[in-house]
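**Q** Next up, query.cif (mmCIF, C-alpha atoms).
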```cif
data_model
loop_
_atom_site.label_atom_id
_atom_site.label_comp_id
_atom_site.auth_asym_id
_atom_site.auth_seq_id
_atom_site.Cartn_x
_atom_site.Cartn_y
_atom_site.Cartn_z
CA MET A 1 -38.31 16.74 3.30
CA ASN A 2 -36.29 17.96 0.32
CA PRO A 3 -32.90 16.35 -0.19
CA ALA A 4 -29.86 18.61 0.30
CA LEU A 5 -29.16 18.39 -3.40
CA SER A 6 -30.14 16.38 -6.41
CA PHE A 7 -29.46 15.93 -10.09
CA GLU A 8 -32.21 14.75 -12.41
CA ASN A 9 -31.37 13.38 -15.84
CA LEU A 10 -28.66 15.98 -16.14
CA SER A 11 -26.72 15.89 -19.39
CA GLN A 12 -24.12 18.50 -20.19
CA ARG A 13 -22.54 19.06 -23.57
CA TYR A 14 -19.64 21.25 -24.58
CA GLY A 15 -20.02 21.33 -28.36
CA ARG A 16 -19.83 17.69 -29.39
CA LEU A 17 -18.32 16.51 -26.13
CA GLU A 18 -20.77 15.09 -23.63
CA ALA A 19 -19.30 15.86 -20.19
CA LEU A 20 -22.25 14.39 -18.26
CA HIS A 21 -24.69 11.75 -19.42
CA GLU A 22 -28.09 11.53 -17.71
CA LEU A 23 -26.82 12.06 -14.18
CA ASN A 24 -29.33 11.06 -11.51
CA LEU A 25 -28.14 11.52 -7.97
CA THR A 26 -29.71 12.48 -4.65
CA VAL A 27 -27.88 13.48 -1.49
CA PRO A 28 -30.07 13.36 1.63
CA ARG A 29 -29.77 16.09 4.24
CA GLY A 30 -27.19 15.44 6.93
CA SER A 31 -25.13 13.20 4.69
CA LEU A 32 -21.41 13.60 3.99
CA TYR A 33 -21.10 12.63 0.36
CA ALA A 34 -18.01 12.18 -1.78
CA LEU A 35 -18.21 12.27 -5.56
CA LEU A 36 -15.25 10.27 -6.78
CA GLY A 37 -13.86 9.78 -10.23
CA PRO A 38 -10.74 10.21 -12.33
CA ASN A 39 -9.78 13.53 -13.88
CA GLY A 40 -12.20 14.55 -16.62
CA ALA A 41 -15.01 12.40 -15.24
CA GLY A 42 -17.41 15.36 -15.04
CA LYS A 43 -17.28 16.11 -11.30
CA THR A 44 -16.56 19.83 -11.68
CA THR A 45 -19.16 20.18 -14.45
CA ALA A 46 -21.81 18.70 -12.14
CA ILE A 47 -20.87 21.13 -9.38
CA HIS A 48 -20.86 24.10 -11.79
CA VAL A 49 -24.41 23.26 -12.86
CA LEU A 50 -25.46 22.81 -9.24
CA MET A 51 -24.05 26.26 -8.36
CA ASN A 52 -25.69 27.84 -11.45
CA LEU A 53 -22.33 28.69 -13.01
CA LEU A 54 -23.45 26.67 -16.03
CA ALA A 55 -26.96 26.26 -17.47
CA PRO A 56 -27.84 22.58 -17.93
CA SER A 57 -27.98 21.33 -21.54
CA GLU A 58 -30.70 18.90 -20.50
CA GLY A 59 -32.23 17.84 -17.18
CA SER A 60 -31.84 19.75 -13.94
CA ALA A 61 -30.08 20.15 -10.62
CA ALA A 62 -31.42 21.44 -7.31
CA ALA A 63 -29.80 22.62 -4.07
CA LEU A 64 -31.74 22.89 -0.79
CA GLY A 65 -34.89 22.13 -2.74
CA VAL A 66 -34.51 24.97 -5.26
CA ASP A 67 -33.77 24.52 -8.95
CA SER A 68 -30.18 25.54 -9.64
CA THR A 69 -31.18 28.11 -12.25
CA ARG A 70 -33.37 29.86 -9.66
CA LEU A 71 -30.93 29.94 -6.73
CA GLY A 72 -31.23 33.29 -4.99
CA PRO A 73 -29.77 35.13 -2.01
CA ALA A 74 -31.87 33.11 0.47
CA GLU A 75 -30.30 29.81 -0.64
CA LEU A 76 -26.81 31.14 -1.39
CA ALA A 77 -26.61 32.53 2.15
CA GLN A 78 -26.80 28.92 3.37
CA ILE A 79 -24.39 27.33 0.93
CA GLY A 80 -20.62 27.34 1.35
CA TYR A 81 -18.72 26.67 -1.87
CA VAL A 82 -14.99 26.36 -2.38
CA SER A 83 -13.39 25.18 -5.60
CA GLU A 84 -9.88 24.05 -6.34
CA ASN A 85 -9.07 27.23 -8.22
CA GLN A 86 -11.10 29.60 -6.13
CA LYS A 87 -10.92 33.14 -7.50
CA LEU A 88 -10.44 35.73 -4.76
CA PRO A 89 -9.81 39.46 -5.03
CA GLY A 90 -6.02 39.60 -4.79
CA TRP A 91 -5.78 43.25 -3.80
CA MET A 92 -7.68 42.71 -0.53
CA THR A 93 -6.06 41.67 2.71
CA VAL A 94 -7.46 38.56 4.39
CA GLU A 95 -9.15 40.80 6.95
CA GLN A 96 -10.76 42.92 4.20
CA LEU A 97 -11.94 39.77 2.45
CA LEU A 98 -13.65 38.56 5.62
CA ALA A 99 -15.18 42.01 6.28
CA PHE A 100 -16.47 41.98 2.69
CA CYS A 101 -18.13 38.55 3.09
CA LYS A 102 -19.56 39.01 6.56
CA PRO A 103 -22.53 41.31 5.68
CA LEU A 104 -23.65 38.84 3.00
CA TYR A 105 -24.54 36.27 5.66
CA ARG A 106 -27.04 36.77 8.43
CA THR A 107 -25.61 33.74 10.28
CA TRP A 108 -21.94 34.86 10.18
CA ASP A 109 -20.25 33.79 13.44
CA ASP A 110 -17.28 35.99 14.51
CA ASP A 111 -16.14 33.48 17.14
CA LEU A 112 -16.07 30.64 14.64
CA CYS A 113 -14.28 32.91 12.16
CA ARG A 114 -11.54 33.72 14.70
CA LYS A 115 -11.24 30.07 15.66
CA LEU A 116 -10.80 29.04 12.03
CA MET A 117 -8.22 31.79 11.44
CA ARG A 118 -6.22 30.50 14.41
CA GLY A 119 -6.57 26.86 13.35
CA PHE A 120 -5.47 27.70 9.81
CA ASP A 121 -2.65 29.96 11.01
CA LEU A 122 -3.82 32.74 8.67
CA ALA A 123 -2.37 36.25 9.02
CA PRO A 124 -5.21 38.82 8.64
CA GLU A 125 -2.94 41.61 7.35
CA ARG A 126 -1.54 39.60 4.42
CA LYS A 127 -2.67 40.54 0.90
CA VAL A 128 -4.60 37.69 -0.74
CA LYS A 129 -2.39 37.79 -3.86
CA SER A 130 0.72 37.21 -1.74
CA LEU A 131 -0.69 34.00 -0.23
CA SER A 132 0.47 30.53 -1.19
CA ARG A 133 -2.01 28.19 -2.85
CA GLY A 134 -2.72 26.41 0.43
CA MET A 135 -3.19 29.70 2.29
CA LYS A 136 -5.56 31.01 -0.39
CA LEU A 137 -7.64 27.86 -0.11
CA LYS A 138 -7.70 28.21 3.67
CA ALA A 139 -8.88 31.83 3.36
CA ALA A 140 -11.63 30.72 0.97
CA MET A 141 -12.54 27.97 3.42
CA VAL A 142 -12.98 30.49 6.27
CA THR A 143 -15.39 32.50 4.13
CA ALA A 144 -17.35 29.30 3.36
CA LEU A 145 -17.51 27.99 6.94
CA ALA A 146 -17.86 31.05 9.19
CA PHE A 147 -21.60 31.40 8.56
CA HIS A 148 -22.47 27.76 9.47
CA PRO A 149 -23.52 26.68 5.99
CA ARG A 150 -26.27 24.07 5.80
CA LEU A 151 -24.69 22.80 2.61
CA LEU A 152 -20.94 22.78 2.06
CA ILE A 153 -19.73 22.09 -1.48
CA LEU A 154 -16.03 21.48 -2.01
CA ASP A 155 -14.55 20.84 -5.44
CA GLU A 156 -11.21 19.02 -5.18
CA PRO A 157 -10.18 20.97 -2.08
CA PHE A 158 -7.07 18.92 -1.36
CA SER A 159 -5.40 18.59 -4.73
CA GLY A 160 -1.80 19.72 -4.78
CA LEU A 161 -1.72 20.50 -1.05
CA ASP A 162 0.64 19.00 1.51
CA VAL A 163 -0.63 16.70 4.25
CA VAL A 164 -0.45 19.36 6.97
CA VAL A 165 -2.71 21.73 5.06
CA ARG A 166 -5.11 18.89 4.19
CA ASP A 167 -5.33 17.97 7.83
CA GLU A 168 -6.05 21.59 8.79
CA LEU A 169 -8.78 21.81 6.17
CA VAL A 170 -10.51 18.65 7.42
CA ARG A 171 -10.34 19.87 11.01
CA GLY A 172 -11.70 23.21 9.87
CA MET A 173 -14.72 21.71 8.16
CA LEU A 174 -15.36 19.51 11.18
CA GLU A 175 -15.83 22.64 13.26
CA LEU A 176 -19.36 22.26 11.90
CA ALA A 177 -19.69 18.86 13.65
CA ASP A 178 -21.76 20.32 16.50
CA GLN A 179 -24.19 21.89 14.09
CA ASP A 180 -27.68 20.41 14.00
CA GLU A 181 -27.75 19.64 10.35
CA TRP A 182 -25.25 20.14 7.60
CA THR A 183 -24.52 18.34 4.40
CA LEU A 184 -21.16 17.95 2.71
CA PHE A 185 -20.75 17.36 -1.00
CA ILE A 186 -17.09 16.92 -1.84
CA SER A 187 -15.43 15.91 -5.07
CA SER A 188 -12.03 14.45 -4.55
CA HIS A 189 -9.54 11.86 -5.53
CA ASP A 190 -7.56 12.14 -2.32
CA LEU A 191 -9.12 9.08 -0.80
CA GLU A 192 -7.12 8.68 2.42
CA GLU A 193 -8.33 12.09 3.54
CA ILE A 194 -11.99 11.15 3.30
CA GLU A 195 -11.89 7.39 3.98
CA ASN A 196 -13.54 7.69 7.41
CA LEU A 197 -15.19 11.02 6.86
CA VAL A 198 -17.93 10.45 4.34
CA ASP A 199 -20.90 8.11 4.66
CA ARG A 200 -21.84 7.86 0.99
CA VAL A 201 -19.88 7.82 -2.21
CA GLY A 202 -20.74 8.21 -5.85
CA PHE A 203 -18.42 7.12 -8.60
CA LEU A 204 -18.40 9.08 -11.84
CA ASN A 205 -16.48 7.99 -14.90
CA GLU A 206 -16.56 9.58 -18.36
CA GLY A 207 -19.71 11.48 -17.51
CA LYS A 208 -21.63 8.46 -16.22
CA LEU A 209 -22.49 7.68 -12.63
CA LEU A 210 -21.50 4.07 -12.04
CA LEU A 211 -22.80 3.85 -8.51
CA SER A 212 -24.02 5.88 -5.57
CA GLU A 213 -24.07 3.92 -2.36
CA GLU A 214 -23.57 3.99 1.39
CA LEU A 215 -19.91 3.47 2.13
CA ASP A 216 -20.52 0.83 4.83
CA GLN A 217 -22.59 -1.13 2.36
CA LEU A 218 -19.91 -0.81 -0.32
CA ARG A 219 -17.25 -1.92 2.17
CA ALA A 220 -19.31 -4.96 3.12
CA ARG A 221 -19.93 -5.87 -0.51
CA LEU A 222 -16.40 -5.59 -1.92
CA CYS A 223 -13.66 -7.88 -0.59
CA GLU A 224 -10.48 -9.46 -1.74
CA VAL A 225 -10.63 -13.24 -1.58
CA GLU A 226 -7.63 -15.53 -1.64
CA VAL A 227 -8.02 -19.27 -2.13
CA THR A 228 -5.15 -21.70 -1.54
CA LEU A 229 -5.17 -24.97 -3.45
CA PRO A 230 -3.17 -28.16 -2.90
CA THR A 231 -1.83 -28.09 -6.48
CA ASP A 232 -0.88 -25.47 -9.04
CA ALA A 233 -3.86 -23.18 -9.51
CA HIS A 234 -5.64 -22.41 -12.74
CA ILE A 235 -8.81 -20.36 -13.12
CA PRO A 236 -11.76 -22.76 -13.47
CA ASP A 237 -14.25 -22.62 -16.36
CA GLU A 238 -17.17 -21.91 -14.10
CA TRP A 239 -16.53 -18.38 -12.85
CA PRO A 240 -19.14 -16.15 -11.15
CA ALA A 241 -19.62 -12.76 -12.85
CA ALA A 242 -19.29 -10.95 -9.52
CA TRP A 243 -15.74 -12.24 -9.06
CA LEU A 244 -13.50 -9.68 -10.70
CA PHE A 245 -9.90 -9.69 -11.88
CA PRO A 246 -8.90 -13.28 -11.07
CA GLN A 247 -5.18 -13.86 -10.78
CA ALA A 248 -3.47 -17.19 -10.29
CA SER A 249 0.03 -17.57 -9.00
CA ARG A 250 1.39 -21.01 -8.13
CA ASN A 251 -1.21 -22.58 -5.86
CA VAL A 252 -3.08 -19.37 -4.95
CA ILE A 253 -6.01 -17.73 -6.72
CA ARG A 254 -6.90 -14.18 -5.82
CA PHE A 255 -9.91 -12.12 -6.94
CA THR A 256 -12.17 -9.24 -5.92
CA ASP A 257 -15.65 -10.35 -4.88
CA SER A 258 -18.03 -7.51 -5.80
CA ASP A 259 -21.05 -9.16 -4.20
CA TYR A 260 -19.67 -10.51 -0.94
CA ASN A 261 -22.02 -12.02 1.61
CA GLU A 262 -20.52 -14.02 4.44
CA GLY A 263 -22.44 -17.31 4.22
CA ALA A 264 -23.30 -17.40 0.52
CA SER A 265 -19.79 -16.42 -0.63
CA ALA A 266 -18.13 -19.07 1.53
CA ALA A 267 -20.51 -21.69 0.10
CA LEU A 268 -19.76 -20.54 -3.45
CA VAL A 269 -16.01 -20.73 -2.84
CA ALA A 270 -16.44 -24.23 -1.40
CA ARG A 271 -18.45 -25.33 -4.45
CA ILE A 272 -16.10 -23.92 -7.07
CA PHE A 273 -12.93 -24.92 -5.26
CA PRO A 274 -13.90 -28.17 -3.48
CA GLU A 275 -10.23 -29.04 -3.04
CA ALA A 276 -9.21 -25.66 -1.48
CA THR A 277 -7.02 -25.98 1.63
CA ASP A 278 -7.57 -22.40 2.80
CA SER A 279 -9.44 -19.25 1.89
CA SER A 280 -9.24 -15.77 3.36
CA VAL A 281 -11.28 -12.61 2.93
CA THR A 282 -9.78 -9.12 3.34
CA PRO A 283 -11.79 -5.91 3.34
CA LEU A 284 -10.74 -3.27 0.81
CA SER A 285 -9.67 0.28 1.53
CA LEU A 286 -11.51 3.09 -0.22
CA ARG A 287 -8.48 3.46 -2.45
CA SER A 288 -8.66 -0.18 -3.56
CA ILE A 289 -12.42 0.12 -4.05
CA PHE A 290 -11.83 3.15 -6.25
CA ILE A 291 -9.24 1.31 -8.34
CA THR A 292 -11.51 -1.73 -8.65
CA LEU A 293 -14.39 0.37 -9.93
CA ALA A 294 -12.18 2.27 -12.36
CA ARG A 295 -10.77 -0.98 -13.77
CA GLN A 296 -14.20 -2.56 -13.92
CA SER A 297 -15.65 0.33 -15.93
CA ALA A 298 -12.60 0.42 -18.20
CA GLY A 299 -13.15 -3.31 -18.83
CA ALA A 300 -16.84 -2.82 -19.55
CA ALA A 301 -16.05 0.02 -21.98
CA ALA A 302 -13.55 -2.18 -23.79
CA LYS A 303 -16.20 -4.90 -24.23
CA GLU A 304 -18.68 -2.42 -25.73
CA VAL A 305 -16.28 -1.39 -28.51
CA MET B 1 -4.97 14.64 22.30
CA LEU B 2 -7.36 11.74 22.71
CA PRO B 3 -7.27 9.86 26.03
CA PHE B 4 -7.21 6.54 24.16
CA LYS B 5 -5.28 5.12 21.26
CA VAL B 6 -6.89 4.29 17.96
CA GLN B 7 -5.11 3.36 14.76
CA PHE B 8 -7.56 3.02 11.91
CA ARG B 9 -7.29 0.07 9.61
CA PRO B 10 -8.81 0.52 6.17
CA GLY B 11 -11.88 -1.41 5.13
CA ILE B 12 -13.33 -1.81 8.63
CA SER B 13 -16.07 0.49 9.79
CA PRO B 14 -14.53 3.29 11.88
CA TYR B 15 -17.47 3.01 14.28
CA ARG B 16 -16.46 -0.48 15.35
CA GLN B 17 -12.82 0.53 15.60
CA ILE B 18 -13.59 3.47 17.92
CA ILE B 19 -15.81 1.37 20.19
CA TYR B 20 -13.14 -1.31 20.47
CA ALA B 21 -10.36 1.22 21.19
CA VAL B 22 -12.39 2.77 24.02
CA GLU B 23 -13.36 -0.59 25.54
CA LYS B 24 -9.72 -1.68 25.45
CA SER B 25 -8.51 1.53 27.11
CA ILE B 26 -11.09 1.07 29.85
CA VAL B 27 -10.16 -2.55 30.61
CA CYS B 28 -6.46 -1.61 30.64
CA GLY B 29 -7.14 1.24 33.05
CA GLN B 30 -5.83 3.82 30.60
CA LEU B 31 -9.24 5.43 30.89
CA ARG B 32 -10.50 5.58 34.48
CA PRO B 33 -13.88 6.36 35.98
CA GLY B 34 -14.41 10.12 36.02
CA ASP B 35 -11.94 10.86 33.23
CA PRO B 36 -13.34 13.39 30.79
CA PHE B 37 -14.29 11.93 27.42
CA PRO B 38 -13.88 14.07 24.28
CA SER B 39 -16.87 15.76 22.69
CA VAL B 40 -18.28 14.57 19.38
CA ARG B 41 -16.62 17.51 17.64
CA VAL B 42 -13.16 16.84 19.12
CA LEU B 43 -13.50 13.10 18.49
CA SER B 44 -14.45 13.62 14.86
CA GLN B 45 -11.76 16.28 14.29
CA THR B 46 -8.96 14.28 15.88
CA CYS B 47 -9.80 11.00 14.18
CA LYS B 48 -11.05 12.66 10.99
CA ILE B 49 -14.23 10.64 11.17
CA ASN B 50 -17.78 11.45 10.23
CA PRO B 51 -19.44 13.40 13.08
CA ASN B 52 -22.43 11.07 12.81
CA THR B 53 -20.11 8.11 13.44
CA ALA B 54 -18.57 9.85 16.45
CA HIS B 55 -22.03 10.65 17.74
CA LYS B 56 -23.21 7.06 17.28
CA ALA B 57 -20.13 5.69 19.07
CA VAL B 58 -20.54 8.00 22.08
CA ALA B 59 -24.28 7.21 22.23
CA ASP B 60 -23.60 3.47 22.13
CA LEU B 61 -20.92 3.62 24.85
CA THR B 62 -23.23 5.74 27.00
CA ARG B 63 -26.18 3.41 26.49
CA ARG B 64 -24.04 0.46 27.57
CA GLY B 65 -22.93 2.30 30.70
CA LEU B 66 -19.24 2.77 29.82
CA LEU B 67 -19.64 6.53 29.56
CA GLU B 68 -22.01 8.82 31.37
CA VAL B 69 -23.16 12.36 30.76
CA ARG B 70 -22.77 14.65 33.77
CA PRO B 71 -24.77 17.84 33.46
CA GLY B 72 -22.52 20.90 33.35
CA ILE B 73 -19.36 18.79 33.02
CA GLY B 74 -19.80 16.78 29.86
CA THR B 75 -19.22 13.16 29.07
CA VAL B 76 -17.01 11.18 31.44
CA VAL B 77 -15.93 7.58 31.84
CA ALA B 78 -18.45 5.81 34.06
CA GLU B 79 -17.83 3.73 37.18
CA ALA B 80 -17.02 0.22 35.96
CA PRO B 81 -20.40 -1.02 34.79
CA ARG B 82 -21.63 -4.52 35.45
CA ALA B 83 -21.74 -6.32 32.15
CA LEU B 84 -25.21 -7.15 30.96
CA PRO B 85 -26.05 -10.86 31.25
CA ARG B 86 -26.56 -10.92 27.49
CA GLU B 87 -23.06 -9.53 26.86
CA ARG B 88 -21.54 -12.21 29.09
CA SER B 89 -23.42 -14.96 27.38
CA VAL B 90 -22.35 -13.69 23.93
CA LEU B 91 -18.74 -13.73 25.09
CA LEU B 92 -18.89 -17.13 26.75
CA LYS B 93 -20.83 -18.82 23.99
CA GLU B 94 -20.45 -17.23 20.55
CA ASP B 95 -17.12 -15.40 20.84
CA LEU B 96 -15.36 -18.25 22.63
CA GLU B 97 -16.72 -20.82 20.23
CA HIS B 98 -15.44 -18.70 17.35
CA LEU B 99 -12.00 -18.57 18.98
CA VAL B 100 -11.94 -22.33 19.52
CA VAL B 101 -12.97 -23.00 15.92
CA GLU B 102 -10.21 -20.71 14.63
CA ALA B 103 -7.67 -22.29 16.99
CA LYS B 104 -8.60 -25.79 15.82
CA ARG B 105 -8.56 -24.69 12.19
CA VAL B 106 -4.92 -23.63 12.49
CA SER B 107 -4.22 -26.76 14.61
CA LEU B 108 -3.32 -25.06 17.87
CA ASP B 109 -3.60 -27.35 20.86
CA LEU B 110 -5.51 -26.43 23.99
CA ASP B 111 -2.39 -25.67 26.03
CA ASP B 112 -1.08 -23.21 23.43
CA LEU B 113 -4.44 -21.51 23.27
CA LEU B 114 -4.76 -21.26 27.06
CA ALA B 115 -1.21 -19.92 27.34
CA ALA B 116 -1.94 -17.26 24.71
CA VAL B 117 -5.18 -16.27 26.45
CA GLU B 118 -3.33 -16.01 29.74
CA ALA B 119 -0.58 -13.89 28.20
CA HIS B 120 -3.12 -11.41 26.81
CA TRP B 121 -4.99 -11.39 30.10
CA ASN B 122 -1.82 -10.59 32.00
CA ARG B 123 -0.66 -7.97 29.52
CA LEU B 124 -3.91 -6.02 29.79
CA THR B 125 -4.10 -6.42 33.56
CA SER B 126 -0.46 -5.56 34.24
CA SER B 127 -0.63 -2.22 32.44
CA ARG B 128 -3.55 -1.41 34.70
CA MET B 129 -1.65 -2.51 37.82
CA ALA B 130 1.46 -0.57 36.82
CA ASP B 131 -0.67 2.53 36.43
CA SER B 132 -2.38 2.15 39.77
CA ALA B 133 0.97 1.43 41.45
CA ALA B 134 2.33 4.65 40.01
CA GLU B 135 -0.76 6.44 41.25
CA THR B 136 -0.28 5.05 44.78
CA LEU B 137 3.33 6.22 44.81
CA LYS B 138 2.27 9.67 43.68
CA GLU B 139 -0.28 9.93 46.49
CA LYS B 140 2.33 9.23 49.18
CA PRO B 141 3.98 12.34 50.62
#
```
Just give me the structure of the file as structure tokens.
**A**
Amino acid sequence: MNPALSFENLSQRYGRLEALHELNLTVPRGSLYALLGPNGAGKTTAIHVLMNLLAPSEGSAAALGVDSTRLGPAELAQIGYVSENQKLPGWMTVEQLLAFCKPLYRTWDDDLCRKLMRGFDLAPERKVKSLSRGMKLKAAMVTALAFHPRLLILDEPFSGLDVVVRDELVRGMLELADQDEWTLFISSHDLEEIENLVDRVGFLNEGKLLLSEELDQLRARLCEVEVTLPTDAHIPDEWPAAWLFPQASRNVIRFTDSDYNEGASAALVARIFPEATDSSVTPLSLRSIFITLARQSAGAAAKEV
Amino acid sequence: MLPFKVQFRPGISPYRQIIYAVEKSIVCGQLRPGDPFPSVRVLSQTCKINPNTAHKAVADLTRRGLLEVRPGIGTVVAEAPRALPRERSVLLKEDLEHLVVEAKRVSLDLDDLLAAVEAHWNRLTSSRMADSAAETLKEKP
């Protein structure tokens, strides 16, 4: 079966600036995928190519099995897309906006639409241009969810919104939870919001995809290790490449193990620190994982120069 | 509102955390046989977890007999299931051995360990007894 979306060797240039460099990424159907990365990493560019708002400089993208440059009404009627700065016709009321969108989708669900309006606390008679940023985004979200999209694409939906609105948006998108099959592709740097929501993450930095992996696997692989020594600690000469950012303070050495494996890692710690009195392993939050990857790629870039 | 308490800790798979929270609520009597259990959608919305995770957790709890699906009603907490022999043996062998190793590693003596086990046992049992006592009072005219 076709993946929900994919990028193949996609490079995107704006003049001399290369916003994306040979992006290869596949999101299987039914997956909830987060594309993470700092500002300017190329996340929005990738989504614009995917939605055919930009023609690829090189390579290609496909959504629901169709090349992005050939997306037509049949595919667009199954894709919900909301971007951070969603443009909406300001002169319409919310009710008019919904009435305008409804005929475009054969699968539009009035009950779901009403439920979302209630959940989002949206007033149908308000003019779109009079809505706050959060309200506008919620209105856009109703138009993207009410037809049970098979693919939901959200570009930085949470940025600049307060926690209450973020919570409402997550609940809103999870109205789709009963649906047989739907795929989420979300770009974000609000990690707490999506920590337990997504099952796969990709990490994009300066136009390059550094990894794309199942979150459970990433969680199992990355840990913080703390080793306690009987004397003042110094970082030994033999140091495994997978152990990142060692820090020594008094008799404790702390580092991030990027290739953790219960038995093998304990044995390695015992070999390198035969005199250790204690060692502990703590799992990392998505936020710490994100920071680790960003620092790691910044370090690698510095070495290349 | 969810009929059990779960406070997510980062870095641990939410699936395991949900399962544990439900098991704990059942042994404490916070969740009783016949109590309705939230749907996958409500569970995933309330906890902000992946619907697939919620689905997997409910399926696992149902398979192990802690929840049951009643046609026309939905998912409910099952009559206290007999633990599988394999589950008991895992607890009595592997889990207990793990506990003893940890206790010895931090140089606890056996009395301290037994006292701590007893305290936890009583804490979980007493909340259940307090609940059922309250229930008995309520039933009296």
**Q** Tell me, counting all atoms listed in the file, for each residue of segment 112-196 of chain A within 12 Å of segment 9-21 of chain B, which pair of atoms is nearest and how far apart they are in Å to one decimal, in rows ordered by chain and increasing number, as a tab-separated table.
**A**
```
residue	atom	partner	partner_atom	distance
A:Leu191	CA	B:Pro10	CA	11.0
A:Glu192	CA	B:Pro10	CA	9.1
A:Glu193	CA	B:Pro10	CA	11.9
A:Ile194	CA	B:Pro10	CA	11.5
A:Glu195	CA	B:Pro10	CA	7.8
A:Asn196	CA	B:Pro14	CA	6.3
```
**Q** Using all atoms listed in the file, find which residues of chain B lie within 6 Å of chain A and jot them down as a PDB file with C-alpha atoms, keeping the file's coordinate frame.
**A**
```
ATOM      1  CA  PRO B  10      -8.810   0.520   6.170  1.00  0.00           C
ATOM      2  CA  GLY B  11     -11.880  -1.410   5.130  1.00  0.00           C
ATOM      3  CA  ARG B  41     -16.620  17.510  17.640  1.00  0.00           C
ATOM      4  CA  GLN B  45     -11.760  16.280  14.290  1.00  0.00           C
ATOM      5  CA  ILE B  49     -14.230  10.640  11.170  1.00  0.00           C
ATOM      6  CA  ASN B  50     -17.780  11.450  10.230  1.00  0.00           C
ATOM      7  CA  PRO B  51     -19.440  13.400  13.080  1.00  0.00           C
TER       8      PRO B  51
END
```
**Q** Starting from the shown file, work through the PyMOL selection byres ((chain A and resi 91) around 7) and note down what comes out as a list in words.
**A**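 So the PyMOL selection byres ((chain A and resi 91) around 7), applied here, picks out Pro89, Gly90, Met92, Thr93, Lys127, Val128 and Lys129 of chain A.
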**Q** Residues within 12 Å of segment 100-106 of chain B, please, as a list in words. Count only C-alpha atoms; anything in the same chain fewer than 5 positions from it doesn't count.
**A**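 Listed by chain and then number, they are Thr277, Asp278 and Ser279 of chain A; Leu92, Lys93, Glu94, Asp95, Asp111, Asp112, Leu113, Leu114, Ala116 and Val117 of chain B.
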**Q** Tell me which of B:Leu61, B:Pro36, B:Val42, B:Thr53 sits closest to Val22 of chain B, counting only C-alpha atoms.
**A**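 For Val22 of chain B, the nearest of the candidates is B:Leu61.
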**Q** Check what the PyMOL selection byres ((chain B and resi 70-73) around 12) selects in the file above and give those residues as JSON, numbers by chain.
**A** {"B": [34, 35, 36, 37, 38, 39, 62, 67, 68, 69, 74, 75, 76, 77, 78]}
**Q** Atoms to include: C-alpha atoms. Write the selected residues as a PDB file, keeping the file's coordinate frame.
**A**
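Result went into again_11.pdb, see below:
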```pdb
ATOM      1  CA  GLY B  34     -14.410  10.120  36.020  1.00  0.00           C
ATOM      2  CA  ASP B  35     -11.940  10.860  33.230  1.00  0.00           C
ATOM      3  CA  PRO B  36     -13.340  13.390  30.790  1.00  0.00           C
ATOM      4  CA  PHE B  37     -14.290  11.930  27.420  1.00  0.00           C
ATOM      5  CA  PRO B  38     -13.880  14.070  24.280  1.00  0.00           C
ATOM      6  CA  SER B  39     -16.870  15.760  22.690  1.00  0.00           C
ATOM      7  CA  THR B  62     -23.230   5.740  27.000  1.00  0.00           C
ATOM      8  CA  LEU B  67     -19.640   6.530  29.560  1.00  0.00           C
ATOM      9  CA  GLU B  68     -22.010   8.820  31.370  1.00  0.00           C
ATOM     10  CA  VAL B  69     -23.160  12.360  30.760  1.00  0.00           C
ATOM     11  CA  GLY B  74     -19.800  16.780  29.860  1.00  0.00           C
ATOM     12  CA  THR B  75     -19.220  13.160  29.070  1.00  0.00           C
ATOM     13  CA  VAL B  76     -17.010  11.180  31.440  1.00  0.00           C
ATOM     14  CA  VAL B  77     -15.930   7.580  31.840  1.00  0.00           C
ATOM     15  CA  ALA B  78     -18.450   5.810  34.060  1.00  0.00           C
TER      16      ALA B  78
END
```
**Q** For Phe185 of chain A, list every protein, DNA or RNA residue within 8 Å, evaluated using all atoms listed in the file, and leave out those in the same chain fewer than 6 positions away; present the list as JSON, numbers by chain.
**A** {"A": [32, 33, 34, 35, 151, 152, 153, 154]}
**Q** Got a sec: who's within 7 Å of Ser57 of chain A, counting only C-alpha atoms, leaving out chain neighbours fewer than 5 positions off, as a PyMOL selection string?
**A** chain A and resi 11-13
**Q** Can you pull out every residue within 7 Å of segment 101-109 of chain A, counting all atoms listed in the file, but drop anything in the same chain fewer than 5 positions away, and send it as a PyMOL selection string?
**A** chain A and resi 77+143+146-148
**Q** Please compute the atom CA of Leu91 of chain B-atom CA of Val269 of chain A distance, one decimal, in Å.
**A**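 Calculated distance between atom CA of Leu91 of chain B and atom CA of Val269 of chain A is 28.9 Å.
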